[in-house]
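Peer 1: One structure, pasted below without further comment.
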Amino acid sequence: MLVGSKAHKVIIIGSGPAGYTAGLYAARALLDPLMFAGYMSGGQLMLTSDVENFPGYPVGIGGPEMMIHMREQAERFGLEVRDKNVERVDFSERPFGIWVEGEEFRAEAVIICTGAEAIWLGVEGEDAHRGRGISTCATCDGAFFRDEEIIVIGGGDSAMEEATFLTRFASKVTIVHRREGFRASKVMYERAVNHPNIAVKTFRQVKSWLSDKNGLTGAVLEDPRDGSEEEISCTGAFIAIGHKPMTGFLEGEVEMDDSGYIMHTEHTMTSVAGVFAAGDVVDKRYRQAVTAAGMGCQAAMDAEKWLENQH
């Protein structure tokens with residue numbers, strides 16, 4: 001059943017820095033935007049204890065607090081937020097169809113900001129230390145581990161890049177990889193393994209995390225070949241085994257790459273005219289709050305201009 005007799009001008013799917021910024025700009029443009037923020041609104045910054053690299057916060061701010069500020073600012077200008085998940089969409093005709101908990105909504109334009117979630121290991125002790133010793137973003141959290149021993153899990157370019165970056169802060173970085181061979185490019189691999197503060201442990205995978213009352217203290221590593229175990233000390237760990245865009249509900253509706261990231265055609269427009277995308281659901285390179293917010297601004301301005309040209 002169609003909710004209401006009139007289609008919304010703009011519906012934003014997803015929240016986080018991209019979604020809230022898109023909502024702010026769309027609301028200020030008097031587009032009366034409706035946002036479906038998801039059951040876990042706020043994006044990945046809800047798992048980040050401190051944000052020190054977002055402009056305007058000279059002493060840093062907690063990730064959840066920053067998302068509350070962004071949401072309140074957008075709501076003050078008229079963004080309506082519902083903490084519900086979108087189940088499916090139909091972009092075959094306008095107004096576009098969006099289904100939420102069995103209800104159907106219609107929109108003249110849609111901005112997708114569902115983001116990408118980091119792939120975690122899912123081993124014992126991990127949930128207790130997400131954002132509190134275990135991270136998936138060296139750029140975000142590396143500075144919190146000055147002069148400490150940390151580990152990086154992964155074997156691709158991202159793992160090599162994160163390990164090399166983390167040597168700016170940590171006294172020692174150990175790369176842990178479950179195989180002998182690395183997916184990383186030769187240049188990235190050699191830059192990492194030849195660094196004097198980087199060690200490499202191959203044929204090792206994290207079986208569980210160790211901690212005490214002060215936080216993370218290390219990990220139990222397992223050899224996948226024979227199951228033998230050893231312990232490694234660390235006060236910080238960075239998991240770099242990839243990200244997964246939150247686009248499962250969009251399959252067949254917009255053009256995506258082989259990994260499921262939405263592709264832009266012109267500016268922030270997707271392959272469907274009137275459907276825009278912003279933030280980590282598009283961005284595989286930077287994945288920063290500030291770049292997501294910037295793209296959210298662009299998407300809202302693009303949607304406003306596109307809607308103007310439809311009349």
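By convention in this document, the chains of the structure tokens carry letters A, B, ... by their order, each chain's residues are numbered from 1, and ligands are numbered from 1 in the order they are shown.
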To test your reading of the structure, identify every residue in stretch 32-275 of chain A that backbone DSSP assigns to alpha helix (DSSP H), and report it as a ChimeraX atom specification.

Peer 2: /A:63-76,138-141,157-166,186-193

Peer 1: Could the residues of stretch 157-266 of chain A that have an atom at most 12 Å from stretch 86-99 of chain A be listed as JSON lines, each with its closest atom pair and the distance in Å to one decimal, counting only C-alpha atoms and ordered by chain and ascending residue number?

Peer 2:
{"residue": "A:Met246", "atom": "CA", "partner": "A:Val86", "partner_atom": "CA", "distance": 11.2}
{"residue": "A:Thr247", "atom": "CA", "partner": "A:Arg88", "partner_atom": "CA", "distance": 10.3}
{"residue": "A:Gly248", "atom": "CA", "partner": "A:Arg88", "partner_atom": "CA", "distance": 9.1}
{"residue": "A:Phe249", "atom": "CA", "partner": "A:Arg88", "partner_atom": "CA", "distance": 5.3}
{"residue": "A:Leu250", "atom": "CA", "partner": "A:Val89", "partner_atom": "CA", "distance": 6.8}
{"residue": "A:Glu251", "atom": "CA", "partner": "A:Arg88", "partner_atom": "CA", "distance": 9.2}
{"residue": "A:Gly252", "atom": "CA", "partner": "A:Asp90", "partner_atom": "CA", "distance": 9.4}
{"residue": "A:Glu253", "atom": "CA", "partner": "A:Phe91", "partner_atom": "CA", "distance": 6.0}
{"residue": "A:Val254", "atom": "CA", "partner": "A:Phe91", "partner_atom": "CA", "distance": 8.0}
{"residue": "A:Glu255", "atom": "CA", "partner": "A:Phe91", "partner_atom": "CA", "distance": 11.6}

Peer 1: Those selected residues, please, written with N, CA and C atoms and delivered as a PDB file, in the first residue's frame.

Peer 2:
ATOM      1  N   MET A 246      27.295  -1.885   1.507  1.00  0.00           N
ATOM      2  CA  MET A 246      25.950  -2.279   1.924  1.00  0.00           C
ATOM      3  C   MET A 246      24.976  -2.042   0.774  1.00  0.00           C
ATOM      4  N   THR A 247      25.059  -2.915  -0.225  1.00  0.00           N
ATOM      5  CA  THR A 247      24.262  -2.702  -1.441  1.00  0.00           C
ATOM      6  C   THR A 247      23.452  -3.929  -1.846  1.00  0.00           C
ATOM      7  N   GLY A 248      23.330  -4.900  -0.952  1.00  0.00           N
ATOM      8  CA  GLY A 248      22.609  -6.120  -1.314  1.00  0.00           C
ATOM      9  C   GLY A 248      21.184  -5.865  -1.763  1.00  0.00           C
ATOM     10  N   PHE A 249      20.515  -4.891  -1.145  1.00  0.00           N
ATOM     11  CA  PHE A 249      19.119  -4.600  -1.477  1.00  0.00           C
ATOM     12  C   PHE A 249      18.976  -3.856  -2.805  1.00  0.00           C
ATOM     13  N   LEU A 250      20.113  -3.463  -3.408  1.00  0.00           N
ATOM     14  CA  LEU A 250      20.084  -2.698  -4.656  1.00  0.00           C
ATOM     15  C   LEU A 250      20.401  -3.542  -5.886  1.00  0.00           C
ATOM     16  N   GLU A 251      20.581  -4.822  -5.697  1.00  0.00           N
ATOM     17  CA  GLU A 251      21.009  -5.674  -6.815  1.00  0.00           C
ATOM     18  C   GLU A 251      20.024  -5.590  -7.978  1.00  0.00           C
ATOM     19  N   GLY A 252      20.575  -5.296  -9.156  1.00  0.00           N
ATOM     20  CA  GLY A 252      19.763  -5.184 -10.358  1.00  0.00           C
ATOM     21  C   GLY A 252      19.116  -3.828 -10.559  1.00  0.00           C
ATOM     22  N   GLU A 253      19.306  -2.917  -9.594  1.00  0.00           N
ATOM     23  CA  GLU A 253      18.644  -1.610  -9.682  1.00  0.00           C
ATOM     24  C   GLU A 253      19.579  -0.509 -10.181  1.00  0.00           C
ATOM     25  N   VAL A 254      20.837  -0.527  -9.749  1.00  0.00           N
ATOM     26  CA  VAL A 254      21.827   0.449 -10.205  1.00  0.00           C
ATOM     27  C   VAL A 254      23.104  -0.304 -10.582  1.00  0.00           C
ATOM     28  N   GLU A 255      23.915   0.333 -11.416  1.00  0.00           N
ATOM     29  CA  GLU A 255      25.150  -0.305 -11.854  1.00  0.00           C
ATOM     30  C   GLU A 255      26.177  -0.298 -10.719  1.00  0.00           C
TER      31      GLU A 255
END

Peer 1: Which one is closest to A:Ala128: A:Asp212, A:Asp141, A:Glu101, A:Glu190? Count only C-alpha atoms.

Peer 2: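 Closest candidate: A:Asp212.
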
Peer 1: Which of stretch 38-177 of chain A counts as strand (DSSP E or B) under DSSP, as a PyMOL selection string please?

Peer 2: chain A and resi 51+61+80-82+88-90+96-100+103-112+116-118+124+130+134-135+149-153+172-176

Peer 1: Need to verify the contact set: stretch 192-194 of chain A, 12 Å, only C-alpha atoms, exclusion of same-chain residues closer than 6 positions in sequence. Can you return it as a PyMOL selection string?

Peer 2: chain A and resi 152+155-167+173-176+182+184-186+200-202

Peer 1: Quick one, how far is atom CA of A:Ala219 from atom CA of A:Ile241?

Peer 2: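 For atom CA of A:Ala219 relative to atom CA of A:Ile241, the distance reads 16.9 Å.
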
Peer 1: Would you compute the distance between atom CA of A:Gly115 and atom CA of A:Ala292? Give it in Å to one decimal.

Peer 2: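 Interatomic distance here is 9.0 Å.
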
Peer 1: Which one of A:Gly215, A:Gly102, A:Pro245, A:Gly43 sits closest to A:Ile262 if you count only C-alpha atoms?

Peer 2: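 Answer, going by the shortest atom-to-atom distance: A:Pro245.
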
Peer 1: Please identify all polymer residues within 10 Å of stretch 56-66 of chain A, counting only C-alpha atoms, omitting same-chain residues fewer than 5 positions from it, and present them as a PyMOL selection string.

Peer 2: chain A and resi 16-17+41-51+71-72+131+289

Peer 1: For atom CA of A:His267 and atom CA of A:Leu30, quote the distance in Å rounded to one decimal.

Peer 2: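 Interatomic distance, atom CA of A:His267 to atom CA of A:Leu30: 21.7 Å.
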